[in-house]
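Enquirer: Data: coords_14.cif, mmCIF, C-alpha atoms and all ligand atoms.
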```
data_data
#
loop_
_atom_site.label_atom_id
_atom_site.label_comp_id
_atom_site.auth_asym_id
_atom_site.auth_seq_id
_atom_site.Cartn_x
_atom_site.Cartn_y
_atom_site.Cartn_z
CA MET A 1 -45.10 98.35 7.00
CA SER A 2 -43.87 95.46 9.12
CA LEU A 3 -46.55 92.89 9.91
CA VAL A 4 -47.00 91.12 13.24
CA ASN A 5 -48.21 87.53 13.48
CA HIS A 6 -50.12 85.96 16.37
CA ARG A 7 -50.10 82.18 16.54
CA PHE A 8 -50.83 79.22 18.79
CA ILE A 9 -47.92 76.87 19.19
CA LEU A 10 -48.10 73.43 20.80
CA ALA A 11 -46.64 73.79 24.30
CA SER A 12 -47.31 70.32 25.76
CA ARG A 13 -49.06 67.05 24.97
CA PRO A 14 -52.31 66.95 26.90
CA VAL A 15 -53.71 63.83 28.55
CA GLY A 16 -57.49 63.67 28.15
CA MET A 17 -59.44 66.76 27.09
CA PRO A 18 -57.02 69.56 26.07
CA THR A 19 -57.07 72.84 27.97
CA ARG A 20 -55.57 76.24 27.08
CA GLU A 21 -52.26 75.22 28.75
CA ALA A 22 -51.58 72.81 25.90
CA TRP A 23 -50.76 75.79 23.67
CA ALA A 24 -48.82 79.03 23.98
CA TYR A 25 -50.08 82.21 22.28
CA ARG A 26 -47.14 83.97 20.65
CA GLN A 27 -46.57 87.26 18.89
CA GLU A 28 -43.76 87.61 16.36
CA PRO A 29 -42.85 89.72 13.34
CA VAL A 30 -43.57 88.37 9.86
CA ARG A 31 -40.24 87.73 8.09
CA ASP A 32 -39.44 88.55 4.46
CA LEU A 33 -40.34 86.03 1.74
CA GLN A 34 -37.76 83.74 0.12
CA PRO A 35 -38.09 82.84 -3.58
CA GLY A 36 -40.99 80.37 -4.08
CA GLU A 37 -42.81 81.47 -0.92
CA VAL A 38 -46.23 83.05 -0.44
CA LEU A 39 -47.49 85.23 2.42
CA ILE A 40 -51.11 84.42 3.28
CA LYS A 41 -53.46 86.29 5.59
CA VAL A 42 -55.45 83.59 7.34
CA LEU A 43 -59.20 84.26 7.34
CA LEU A 44 -60.97 81.03 8.35
CA VAL A 45 -59.45 78.13 10.30
CA SER A 46 -61.09 74.72 10.04
CA LEU A 47 -61.40 73.13 13.49
CA ASP A 48 -61.27 69.36 13.07
CA PRO A 49 -61.36 66.44 15.52
CA ALA A 50 -58.22 65.08 13.81
CA MET A 51 -56.23 67.95 15.32
CA ARG A 52 -56.51 66.15 18.66
CA GLY A 53 -54.71 63.17 17.13
CA TRP A 54 -51.99 65.38 15.66
CA MET A 55 -51.16 66.55 19.21
CA ARG A 56 -50.24 63.02 20.30
CA ASP A 57 -46.67 61.81 20.09
CA GLN A 58 -47.72 58.88 17.97
CA HIS A 59 -47.00 57.73 14.46
CA SER A 60 -50.11 58.19 12.33
CA TYR A 61 -50.88 59.04 8.69
CA SER A 62 -48.97 62.30 9.30
CA PRO A 63 -46.23 63.09 11.83
CA PRO A 64 -47.32 64.67 15.12
CA VAL A 65 -47.12 68.44 15.59
CA GLY A 66 -43.82 69.09 17.34
CA ILE A 67 -43.62 70.91 20.65
CA GLY A 68 -42.91 74.56 19.79
CA GLU A 69 -44.44 74.26 16.31
CA VAL A 70 -47.48 76.19 15.17
CA MET A 71 -50.66 74.14 15.75
CA ARG A 72 -51.44 72.39 12.49
CA ALA A 73 -54.82 73.20 10.94
CA LEU A 74 -56.38 73.45 7.54
CA ALA A 75 -57.45 77.01 6.79
CA LEU A 76 -58.46 79.43 4.09
CA GLY A 77 -56.73 82.71 3.46
CA LYS A 78 -55.87 85.47 1.02
CA VAL A 79 -52.48 85.85 -0.64
CA VAL A 80 -50.97 89.13 0.57
CA SER A 81 -47.70 88.95 -1.34
CA SER A 82 -46.06 86.29 -3.40
CA ALA A 83 -42.65 85.17 -4.60
CA ASN A 84 -44.25 82.09 -6.19
CA PRO A 85 -45.55 82.43 -9.75
CA LYS A 86 -48.35 79.90 -9.09
CA PHE A 87 -50.08 82.08 -6.48
CA GLN A 88 -50.85 85.73 -7.11
CA ALA A 89 -51.56 88.40 -4.51
CA GLY A 90 -55.29 88.88 -3.97
CA LYS A 91 -56.20 85.25 -4.68
CA TYR A 92 -57.81 82.96 -2.09
CA VAL A 93 -56.15 79.68 -1.13
CA SER A 94 -56.83 76.81 1.23
CA GLY A 95 -54.34 74.40 2.74
CA PRO A 96 -52.40 73.61 5.93
CA LEU A 97 -51.99 77.23 7.09
CA GLY A 98 -52.04 76.62 10.86
CA VAL A 99 -53.70 78.37 13.79
CA GLN A 100 -52.24 81.81 13.18
CA GLU A 101 -52.89 85.18 11.51
CA TYR A 102 -50.26 84.94 8.78
CA CYS A 103 -48.74 81.91 7.11
CA ILE A 104 -45.64 81.78 4.95
CA SER A 105 -46.03 78.80 2.63
CA ASP A 106 -43.80 77.25 -0.01
CA GLY A 107 -46.98 76.48 -1.94
CA LYS A 108 -47.06 72.79 -0.97
CA GLY A 109 -50.63 71.62 -0.33
CA LEU A 110 -52.16 74.96 -1.35
CA ILE A 111 -55.28 74.94 -3.51
CA GLU A 112 -56.65 78.09 -5.12
CA VAL A 113 -60.29 78.73 -4.25
CA ASP A 114 -62.73 80.51 -6.55
CA PRO A 115 -65.08 82.74 -4.50
CA ARG A 116 -67.47 82.98 -7.45
CA VAL A 117 -68.42 79.31 -6.98
CA ALA A 118 -69.63 79.67 -3.38
CA PRO A 119 -69.13 81.89 -0.29
CA LEU A 120 -65.69 81.33 1.25
CA PRO A 121 -66.85 79.46 4.42
CA LYS A 122 -68.30 76.74 2.16
CA PHE A 123 -64.72 75.96 1.05
CA VAL A 124 -63.85 75.10 4.65
CA SER A 125 -67.02 73.03 4.96
CA VAL A 126 -69.02 71.19 2.30
CA LEU A 127 -66.58 72.11 -0.50
CA GLY A 128 -63.58 71.62 1.81
CA MET A 129 -61.94 68.67 3.53
CA THR A 130 -65.02 67.54 5.48
CA GLY A 131 -67.24 67.58 2.40
CA MET A 132 -64.59 65.61 0.49
CA THR A 133 -64.53 63.07 3.33
CA ALA A 134 -68.29 62.57 3.11
CA TYR A 135 -68.23 62.31 -0.68
CA PHE A 136 -65.35 59.84 -1.10
CA GLY A 137 -65.99 57.98 2.16
CA LEU A 138 -69.59 57.22 1.28
CA LEU A 139 -69.33 56.74 -2.47
CA GLU A 140 -65.95 54.97 -2.72
CA THR A 141 -65.78 53.05 0.54
CA GLY A 142 -69.48 52.69 1.37
CA GLN A 143 -70.57 51.86 -2.19
CA PRO A 144 -74.25 52.69 -1.55
CA VAL A 145 -76.89 51.31 -3.90
CA ALA A 146 -80.28 52.96 -4.44
CA GLY A 147 -82.88 51.57 -2.08
CA GLU A 148 -80.32 50.66 0.61
CA THR A 149 -80.28 52.05 4.14
CA VAL A 150 -77.33 54.26 5.07
CA VAL A 151 -76.77 55.09 8.75
CA VAL A 152 -74.36 57.80 9.82
CA SER A 153 -73.21 58.92 13.28
CA ALA A 154 -72.31 62.50 14.31
CA ALA A 155 -74.97 63.08 11.66
CA ALA A 156 -75.58 66.77 12.33
CA GLY A 157 -71.86 67.54 12.05
CA ALA A 158 -69.69 68.60 9.15
CA VAL A 159 -69.04 65.17 7.66
CA GLY A 160 -72.20 63.40 8.83
CA SER A 161 -74.72 65.94 7.53
CA ILE A 162 -73.22 65.69 4.03
CA VAL A 163 -73.05 61.87 4.12
CA GLY A 164 -76.79 61.62 4.79
CA GLN A 165 -77.69 64.08 2.05
CA ILE A 166 -75.49 62.34 -0.53
CA ALA A 167 -77.14 59.05 0.47
CA LYS A 168 -80.53 60.64 -0.30
CA ILE A 169 -79.26 62.03 -3.62
CA LYS A 170 -78.21 58.46 -4.52
CA GLY A 171 -81.68 57.11 -3.75
CA CYS A 172 -80.91 55.54 -0.37
CA ARG A 173 -82.73 55.82 2.96
CA ALA A 174 -80.73 57.97 5.37
CA VAL A 175 -80.79 57.51 9.13
CA GLY A 176 -78.75 59.86 11.31
CA ILE A 177 -77.54 59.45 14.88
CA ALA A 178 -76.95 62.72 16.72
CA GLY A 179 -76.98 64.22 20.21
CA GLY A 180 -80.14 66.09 21.20
CA ALA A 181 -83.65 66.80 19.90
CA GLU A 182 -82.69 70.00 18.08
CA LYS A 183 -80.00 68.29 15.99
CA CYS A 184 -82.36 65.38 15.24
CA ARG A 185 -85.11 67.78 14.13
CA TYR A 186 -82.60 69.53 11.85
CA LEU A 187 -81.76 66.19 10.20
CA THR A 188 -85.32 65.16 9.41
CA LYS A 189 -86.90 68.59 8.80
CA ASP A 190 -84.13 70.60 7.14
CA LEU A 191 -81.99 67.90 5.54
CA SER A 192 -84.72 65.35 4.69
CA PHE A 193 -83.15 62.39 6.52
CA ASP A 194 -85.71 59.58 6.80
CA ALA A 195 -85.13 59.15 10.53
CA ALA A 196 -82.93 60.47 13.31
CA ILE A 197 -81.88 58.84 16.56
CA ASP A 198 -80.97 60.92 19.61
CA TYR A 199 -78.23 58.84 21.21
CA LYS A 200 -78.38 60.95 24.34
CA SER A 201 -81.99 59.97 25.13
CA GLU A 202 -82.58 56.74 23.19
CA LYS A 203 -81.08 53.26 23.31
CA VAL A 204 -79.31 53.24 19.95
CA THR A 205 -79.39 49.46 19.41
CA ASP A 206 -83.18 49.39 19.84
CA ALA A 207 -83.74 52.56 17.82
CA LEU A 208 -81.68 51.15 14.93
CA ARG A 209 -83.75 47.98 14.98
CA THR A 210 -86.93 50.08 14.63
CA THR A 211 -85.64 52.56 12.03
CA CYS A 212 -83.78 49.96 9.95
CA PRO A 213 -86.10 46.93 9.96
CA ALA A 214 -84.26 45.28 7.04
CA GLY A 215 -80.88 46.03 8.63
CA ILE A 216 -78.14 48.57 7.87
CA ASN A 217 -76.50 48.31 4.44
CA VAL A 218 -73.92 51.06 4.96
CA TYR A 219 -72.82 52.36 8.34
CA PHE A 220 -70.64 55.47 8.14
CA ASP A 221 -68.89 55.63 11.50
CA ASN A 222 -67.70 58.94 12.87
CA VAL A 223 -67.79 58.12 16.56
CA GLY A 224 -66.70 54.54 17.38
CA GLY A 225 -67.33 53.12 20.87
CA GLU A 226 -70.81 52.01 21.86
CA ILE A 227 -72.53 53.43 18.79
CA LEU A 228 -70.31 51.32 16.52
CA GLU A 229 -71.33 48.28 18.55
CA ALA A 230 -75.00 49.22 18.18
CA ALA A 231 -74.57 49.44 14.39
CA LEU A 232 -72.73 46.10 14.27
CA ALA A 233 -75.69 44.55 16.08
CA ASN A 234 -78.06 45.70 13.30
CA LEU A 235 -76.29 44.93 10.03
CA ALA A 236 -77.93 43.61 6.88
CA ARG A 237 -76.18 40.82 5.00
CA GLY A 238 -73.27 42.19 2.95
CA ALA A 239 -73.15 45.49 4.88
CA ARG A 240 -70.23 47.89 4.51
CA ILE A 241 -68.92 49.82 7.50
CA VAL A 242 -66.88 52.93 6.69
CA ILE A 243 -64.43 53.73 9.48
CA CYS A 244 -64.09 57.49 9.13
CA GLY A 245 -63.44 58.46 12.73
CA ALA A 246 -63.98 57.58 16.38
CA ILE A 247 -64.50 60.91 18.12
CA SER A 248 -65.91 59.29 21.27
CA GLN A 249 -62.44 57.84 21.86
CA TYR A 250 -60.12 60.76 21.02
CA ASN A 251 -59.71 62.05 24.58
CA ASN A 252 -59.52 58.66 26.26
CA THR A 253 -56.78 58.35 28.81
CA GLY A 254 -56.80 54.57 28.40
CA ALA A 255 -56.97 52.27 25.38
CA ILE A 256 -59.49 52.82 22.60
CA GLN A 257 -62.69 50.80 23.10
CA GLY A 258 -62.96 48.35 20.22
CA PRO A 259 -66.21 46.66 19.19
CA ARG A 260 -66.82 43.53 21.27
CA ASN A 261 -69.33 42.18 18.75
CA TYR A 262 -67.13 42.33 15.64
CA MET A 263 -68.06 38.72 14.86
CA SER A 264 -71.29 40.05 13.36
CA LEU A 265 -69.05 40.92 10.35
CA LEU A 266 -68.71 37.17 9.82
CA VAL A 267 -72.35 36.37 10.45
CA LYS A 268 -73.51 39.10 8.04
CA ARG A 269 -70.67 38.65 5.50
CA ALA A 270 -69.99 42.33 6.12
CA SER A 271 -66.84 44.40 5.74
CA MET A 272 -65.31 47.23 7.69
CA LYS A 273 -62.81 49.53 5.99
CA GLY A 274 -60.95 52.66 6.98
CA MET A 275 -60.79 55.72 4.72
CA LEU A 276 -58.53 58.76 4.72
CA VAL A 277 -59.68 61.78 2.75
CA PHE A 278 -56.16 62.88 1.80
CA ASP A 279 -55.83 59.77 -0.39
CA TYR A 280 -58.36 61.40 -2.73
CA ALA A 281 -56.65 64.81 -2.99
CA ALA A 282 -56.12 64.48 -6.73
CA ARG A 283 -59.87 64.01 -7.19
CA TYR A 284 -61.09 66.97 -5.07
CA PRO A 285 -61.85 69.16 -8.14
CA GLU A 286 -64.19 66.47 -9.51
CA ALA A 287 -66.04 66.23 -6.16
CA ILE A 288 -66.21 70.03 -5.76
CA ARG A 289 -67.76 70.35 -9.22
CA GLU A 290 -70.42 67.75 -8.50
CA MET A 291 -71.20 68.97 -4.99
CA ALA A 292 -71.40 72.63 -6.13
CA GLY A 293 -73.91 71.45 -8.74
CA TRP A 294 -76.02 69.72 -6.06
CA MET A 295 -75.85 72.88 -3.94
CA ALA A 296 -76.99 75.06 -6.84
CA ALA A 297 -79.87 72.64 -7.46
CA GLY A 298 -80.92 72.92 -3.80
CA LYS A 299 -80.19 69.23 -3.11
CA LEU A 300 -77.25 69.74 -0.75
CA LYS A 301 -77.18 72.10 2.23
CA SER A 302 -74.51 72.86 4.75
CA ARG A 303 -74.41 74.70 7.99
CA GLU A 304 -71.36 76.47 9.36
CA ASP A 305 -70.80 77.28 13.03
CA ILE A 306 -68.44 80.25 12.87
CA VAL A 307 -66.76 81.56 16.01
CA ASP A 308 -64.83 84.85 15.96
CA GLY A 309 -61.36 85.47 17.30
CA LEU A 310 -58.06 83.61 16.98
CA GLU A 311 -57.49 84.00 20.71
CA THR A 312 -60.58 81.86 21.49
CA PHE A 313 -59.01 78.85 19.72
CA PRO A 314 -58.47 76.50 22.74
CA GLU A 315 -62.01 76.87 24.09
CA THR A 316 -63.61 76.84 20.62
CA PHE A 317 -61.72 73.72 19.54
CA VAL A 318 -62.96 71.56 22.43
CA LYS A 319 -66.60 72.35 21.53
CA LEU A 320 -66.23 69.50 19.02
CA PHE A 321 -65.91 66.94 21.78
CA GLY A 322 -68.92 68.13 23.78
CA GLY A 323 -71.15 68.35 20.71
CA GLU A 324 -71.46 72.13 21.23
CA ASN A 325 -70.86 72.81 17.54
CA PHE A 326 -73.86 72.76 15.22
CA GLY A 327 -72.47 72.29 11.73
CA LYS A 328 -68.90 72.73 10.53
CA LEU A 329 -66.88 74.44 13.27
CA ILE A 330 -64.84 77.33 11.88
CA LEU A 331 -62.69 79.92 13.62
CA ARG A 332 -62.85 83.33 11.92
CA VAL A 333 -59.45 84.95 12.34
CA ALA A 334 -59.97 87.98 10.13
CA ASP A 335 -62.71 89.60 8.14
CA ASP A 336 -62.51 89.84 4.44
CA GLU A 337 -65.23 91.47 2.38
CA SER A 338 -66.29 88.17 0.85
CA VAL A 339 -66.13 86.38 4.20
CA ALA A 340 -68.22 89.06 5.86
CA ALA A 341 -70.75 88.92 3.03
CA ALA A 342 -71.13 85.13 3.24
N1 LIG A 401 -61.02 59.73 7.83
C1 LIG A 401 -60.91 60.98 7.42
O1 LIG A 401 -60.24 61.30 6.44
C2 LIG A 401 -61.65 62.04 8.17
C3 LIG A 401 -61.71 63.37 7.70
C4 LIG A 401 -62.47 64.31 8.42
C5 LIG A 401 -63.12 63.93 9.59
N2 LIG A 401 -62.99 62.65 10.03
C6 LIG A 401 -63.69 62.21 11.25
O2 LIG A 401 -65.08 62.42 11.06
C7 LIG A 401 -65.70 62.59 12.33
C8 LIG A 401 -66.59 63.83 12.29
O3 LIG A 401 -65.76 64.97 12.12
P1 LIG A 401 -66.40 66.40 11.78
O4 LIG A 401 -65.27 67.29 11.41
O5 LIG A 401 -67.53 66.23 10.87
O6 LIG A 401 -66.92 66.88 13.19
P2 LIG A 401 -68.42 67.26 13.58
O7 LIG A 401 -69.27 66.06 13.36
O8 LIG A 401 -68.81 68.52 12.93
O9 LIG A 401 -68.28 67.54 15.13
C9 LIG A 401 -68.03 66.51 16.01
C10 LIG A 401 -69.35 65.93 16.54
O10 LIG A 401 -69.11 64.67 17.10
C11 LIG A 401 -70.13 64.38 18.03
N3 LIG A 401 -69.54 63.77 19.22
C12 LIG A 401 -68.59 64.29 20.03
N4 LIG A 401 -68.32 63.44 21.03
C13 LIG A 401 -69.13 62.36 20.84
C14 LIG A 401 -69.33 61.16 21.57
N5 LIG A 401 -68.62 60.88 22.67
N6 LIG A 401 -70.24 60.26 21.09
C15 LIG A 401 -70.96 60.54 19.99
N7 LIG A 401 -70.83 61.68 19.27
C16 LIG A 401 -69.91 62.57 19.70
C17 LIG A 401 -70.79 65.71 18.39
O11 LIG A 401 -72.10 65.71 17.84
P3 LIG A 401 -73.38 65.33 18.75
O12 LIG A 401 -73.91 66.63 19.28
O13 LIG A 401 -74.27 64.67 17.78
O14 LIG A 401 -72.88 64.45 19.85
C18 LIG A 401 -69.95 66.74 17.68
O15 LIG A 401 -70.69 67.84 17.22
C19 LIG A 401 -64.58 62.62 13.35
O16 LIG A 401 -64.43 61.34 13.92
C20 LIG A 401 -63.36 62.95 12.52
O17 LIG A 401 -62.17 62.52 13.10
C21 LIG A 401 -62.27 61.71 9.35
#
```
Before we go any further, please render this structure as C-alpha cells.
Ligand SMILES: NC(=O)c1ccc[n+]([C@@H]2O[C@H](COP(=O)([O-])OP(=O)(O)OC[C@H]3O[C@@H](n4cnc5c(N)ncnc54)[C@H](OP(=O)(O)O)[C@@H]3O)[C@@H](O)[C@H]2O)c1

Expert:
Amino acid sequence: MSLVNHRFILASRPVGMPTREAWAYRQEPVRDLQPGEVLIKVLLVSLDPAMRGWMRDQHSYSPPVGIGEVMRALALGKVVSSANPKFQAGKYVSGPLGVQEYCISDGKGLIEVDPRVAPLPKFVSVLGMTGMTAYFGLLETGQPVAGETVVVSAAAGAVGSIVGQIAKIKGCRAVGIAGGAEKCRYLTKDLSFDAAIDYKSEKVTDALRTTCPAGINVYFDNVGGEILEAALANLARGARIVICGAISQYNNTGAIQGPRNYMSLLVKRASMKGMLVFDYAARYPEAIREMAGWMAAGKLKSREDIVDGLETFPETFVKLFGGENFGKLILRVADDESVAAA
C-alpha cells in the first residue's frame, strides 16, 4: 500500500509573531527506502520555543530551516519499516523527525525509546530534550548547593517546572516566576516550590526581594528581558546565572533587550553563562536513568499539554509565546496504543 505524507514546510521567514502563512501544508507520497534508511510514523511532535529561532535566516548553533524544507522539530515516532540494522520495525524512536506524519531518516540523531520505562509523552517532556535541559542546565551550569536559593522563570513550563523540582531534590529553596495565579498555585501546591511570583500581577524586583531575603544564588533564565533585570537586581554574592533562553525576546522586531544592570555581576562577583542542551547528548542516558528514578520515587512530576492534529500546528505552536500552554506543549499527530494509554 502506498503511504501519503502530510507535512508543514517553511514558506517564508516571519517578522514578529508567526502566522499560518509562514508555512505551507503539503501532501506527497512516501518514497521507497534506500539502504541505511528508516521509515518512521510520527506520533508526538515536541513544540519548542527554539523553533522560532530556527526560522530566522541567522547563523546559530544549527543552520536555519531552509525555505521549502520541512519545519524542523524534535518528535517521537514508531519505526514502520527499516533498511537500517540499528532500528527495527515496531520500535519507538525520538529525534529530529520534523512537523510531518512520516519521516525518512538515515538514523542520524535517532535515539531508541523504551516504553516500559515511562509513557511515551514523558520522552518528549521530562525524559526528553526539555528535561535534559533542566537537568544539565541546573546541575552543570548552575552548580546548586544545598541550602541555596534557586530562582527559575517560565517556571510552570517544560524546562522551568523540572528545574525547580531538581533544585528541591538537591536540598535548595526553589522560587518560580510564572504568568497567572493558576500556574503559581500549581508550583507551590503540586510541585512543592517554596514560593511563586506571578509576573503578570506583581512587581518582580520587589517580589524577589521578599521571597529571596538572602539574595538569589542561582537564577535559571528562560525569559530574558525585564525579568532577567529583576533577577540581576537581587543576586547573592557569588551567584550563577544560567542563560537557557529568552522567550520574551523571540518575536521582537527590533534588537534583543539586554540587561541594563549587568554591572551587578561585578558587584556580586557573579557569573552568567549560556548552556545548550545538545552539548550533553552523550550523557542523556545517565540523566534519563536518574530522572526516571526520581519519577518512580514520586519526587519528580511533569505535566504535558497535548494538542491533537498535525494541521493545527501553526496555531498550537504560538501558544508558547502567549503562555497558553500549561506544561510541555506536544502536538499529537497520530494515535498509537501506548500513546493513547498514557
Ligand atoms: N538552551 C537550551 O538548550 C534550551 C533547550 C530547551 C529550551 N530552552 C529555552 O527554555 C525556555 C523555556 O522553554 P520550554 O520549552 O520549557 O517552554 P515552556 O516554558 O513550556 O513554554 C514557554 C513559556 O514561556 C512563558 N513566556 C512566554 N512569553 C513570555 C514573556 N514575554 N515573558 C515571560 N514569560 C513568557 C510562558 O509561561 P507563562 O504563562 O509563565 O508566561 C510560556 O508558557 C525557552 O526560552 C527556550 O528557548 C533552551

Enquirer: Where does chain A meet ligand LIG 401 (chain A) within 8 Å, residue by residue, with the nearest atom pair and distance in Å to one decimal for each, counting only C-alpha atoms and all ligand atoms, listed by chain and rising number, as a tab-separated table?

Expert:
```
residue	atom	partner	partner_atom	distance
A:Leu47	CA	A:LIG401	O4	7.3
A:Asp48	CA	A:LIG401	O4	4.8
A:Pro49	CA	A:LIG401	O17	4.7
A:Ala50	CA	A:LIG401	O17	4.8
A:Met129	CA	A:LIG401	C4	6.6
A:Thr130	CA	A:LIG401	C4	5.1
A:Thr133	CA	A:LIG401	C3	5.2
A:Gly137	CA	A:LIG401	N1	7.7
A:Ser153	CA	A:LIG401	N7	7.0
A:Ala154	CA	A:LIG401	O13	4.5
A:Ala155	CA	A:LIG401	O13	6.4
A:Ala156	CA	A:LIG401	O13	6.0
A:Gly157	CA	A:LIG401	O7	3.3
A:Ala158	CA	A:LIG401	O5	3.6
A:Val159	CA	A:LIG401	O5	3.7
A:Gly160	CA	A:LIG401	O5	5.8
A:Ser161	CA	A:LIG401	O5	7.9
A:Ile177	CA	A:LIG401	O13	6.8
A:Ala178	CA	A:LIG401	O13	3.5
A:Gly179	CA	A:LIG401	O13	3.7
A:Gly180	CA	A:LIG401	O12	6.5
A:Lys183	CA	A:LIG401	O13	7.0
A:Asp198	CA	A:LIG401	O13	7.9
A:Tyr199	CA	A:LIG401	C15	7.6
A:Lys200	CA	A:LIG401	O14	7.9
A:Asp221	CA	A:LIG401	O16	7.6
A:Asn222	CA	A:LIG401	O16	4.2
A:Val223	CA	A:LIG401	C15	5.3
A:Gly224	CA	A:LIG401	N6	7.7
A:Gly225	CA	A:LIG401	N6	7.7
A:Ile227	CA	A:LIG401	C15	7.4
A:Ile243	CA	A:LIG401	N1	7.1
A:Cys244	CA	A:LIG401	N1	4.0
A:Gly245	CA	A:LIG401	O16	3.3
A:Ala246	CA	A:LIG401	O16	4.5
A:Ile247	CA	A:LIG401	O16	4.2
A:Ser248	CA	A:LIG401	N5	3.4
A:Gln249	CA	A:LIG401	N5	6.9
A:Gly274	CA	A:LIG401	N1	7.1
A:Met275	CA	A:LIG401	N1	5.1
A:Leu276	CA	A:LIG401	O1	3.5
A:Val277	CA	A:LIG401	O1	3.8
A:Phe278	CA	A:LIG401	O1	6.4
A:Lys319	CA	A:LIG401	O15	7.5
A:Leu320	CA	A:LIG401	C9	4.6
A:Phe321	CA	A:LIG401	C12	4.2
A:Gly322	CA	A:LIG401	C12	5.4
A:Gly323	CA	A:LIG401	C17	3.5
A:Glu324	CA	A:LIG401	O15	5.9
A:Asn325	CA	A:LIG401	O15	5.0
A:Phe326	CA	A:LIG401	O15	6.2
A:Gly327	CA	A:LIG401	O8	5.4
A:Lys328	CA	A:LIG401	O8	4.8
A:Leu329	CA	A:LIG401	O8	6.2
```

Enquirer: Considering only C-alpha atoms, return as a VMD selection string whatever protein or nucleic-acid residues lie within 8 Å of Arg173 of chain A, sequence-local ones (same chain, fewer than 2 positions apart) excluded.

Expert: chain A and resid 147 to 150 167 to 168 171 175 193 to 194

Enquirer: So which residues touch Met291 of chain A within 8 Å, counting all atoms listed in the file, skipping near sequence neighbours fewer than 5 positions away, as a ChimeraX atom specification?

Expert: /A:126-127,300

Enquirer: So, counting all atoms listed in the file, which residue among A:Arg240, A:Lys299, A:Arg72, A:Arg260 is closest to Ile166 of chain A?

Expert: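 Using all atoms listed in the file, Ile166 of chain A sits closest to A:Lys299.
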
Enquirer: Could you tell me which of A:Leu266, A:Val80, A:Lys189, A:Ala181 comes closest to Leu33 of chain A if we count all atoms listed in the file?

Expert: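 Result for the nearest residue to Leu33 of chain A: A:Val80.
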
Enquirer: Using only C-alpha atoms, which protein or nucleic acid residues come within 9 Å of segment 301-310 of chain A? Drop anything in the same chain fewer than 3 positions from it, and give the result as a compact mmCIF listing (two decimals) with C-alpha atoms, in the frame of the given file.

Expert:
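around36.txt, freshly written:
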```txt
# COMPACT_ATOMS: atom_id res chain seq x y z
CA HIS A 6 -50.12 85.96 16.37
CA ARG A 7 -50.10 82.18 16.54
CA PHE A 8 -50.83 79.22 18.79
CA LEU A 44 -60.97 81.03 8.35
CA VAL A 45 -59.45 78.13 10.30
CA VAL A 99 -53.70 78.37 13.79
CA GLN A 100 -52.24 81.81 13.18
CA GLU A 101 -52.89 85.18 11.51
CA PRO A 121 -66.85 79.46 4.42
CA LYS A 122 -68.30 76.74 2.16
CA VAL A 124 -63.85 75.10 4.65
CA SER A 125 -67.02 73.03 4.96
CA VAL A 126 -69.02 71.19 2.30
CA GLY A 157 -71.86 67.54 12.05
CA ALA A 158 -69.69 68.60 9.15
CA SER A 161 -74.72 65.94 7.53
CA ILE A 162 -73.22 65.69 4.03
CA GLN A 165 -77.69 64.08 2.05
CA ASP A 190 -84.13 70.60 7.14
CA LEU A 191 -81.99 67.90 5.54
CA TRP A 294 -76.02 69.72 -6.06
CA MET A 295 -75.85 72.88 -3.94
CA GLY A 298 -80.92 72.92 -3.80
CA PHE A 313 -59.01 78.85 19.72
CA THR A 316 -63.61 76.84 20.62
CA ASN A 325 -70.86 72.81 17.54
CA PHE A 326 -73.86 72.76 15.22
CA GLY A 327 -72.47 72.29 11.73
CA LYS A 328 -68.90 72.73 10.53
CA LEU A 329 -66.88 74.44 13.27
CA ILE A 330 -64.84 77.33 11.88
CA LEU A 331 -62.69 79.92 13.62
CA ARG A 332 -62.85 83.33 11.92
CA VAL A 333 -59.45 84.95 12.34
CA ALA A 334 -59.97 87.98 10.13
```
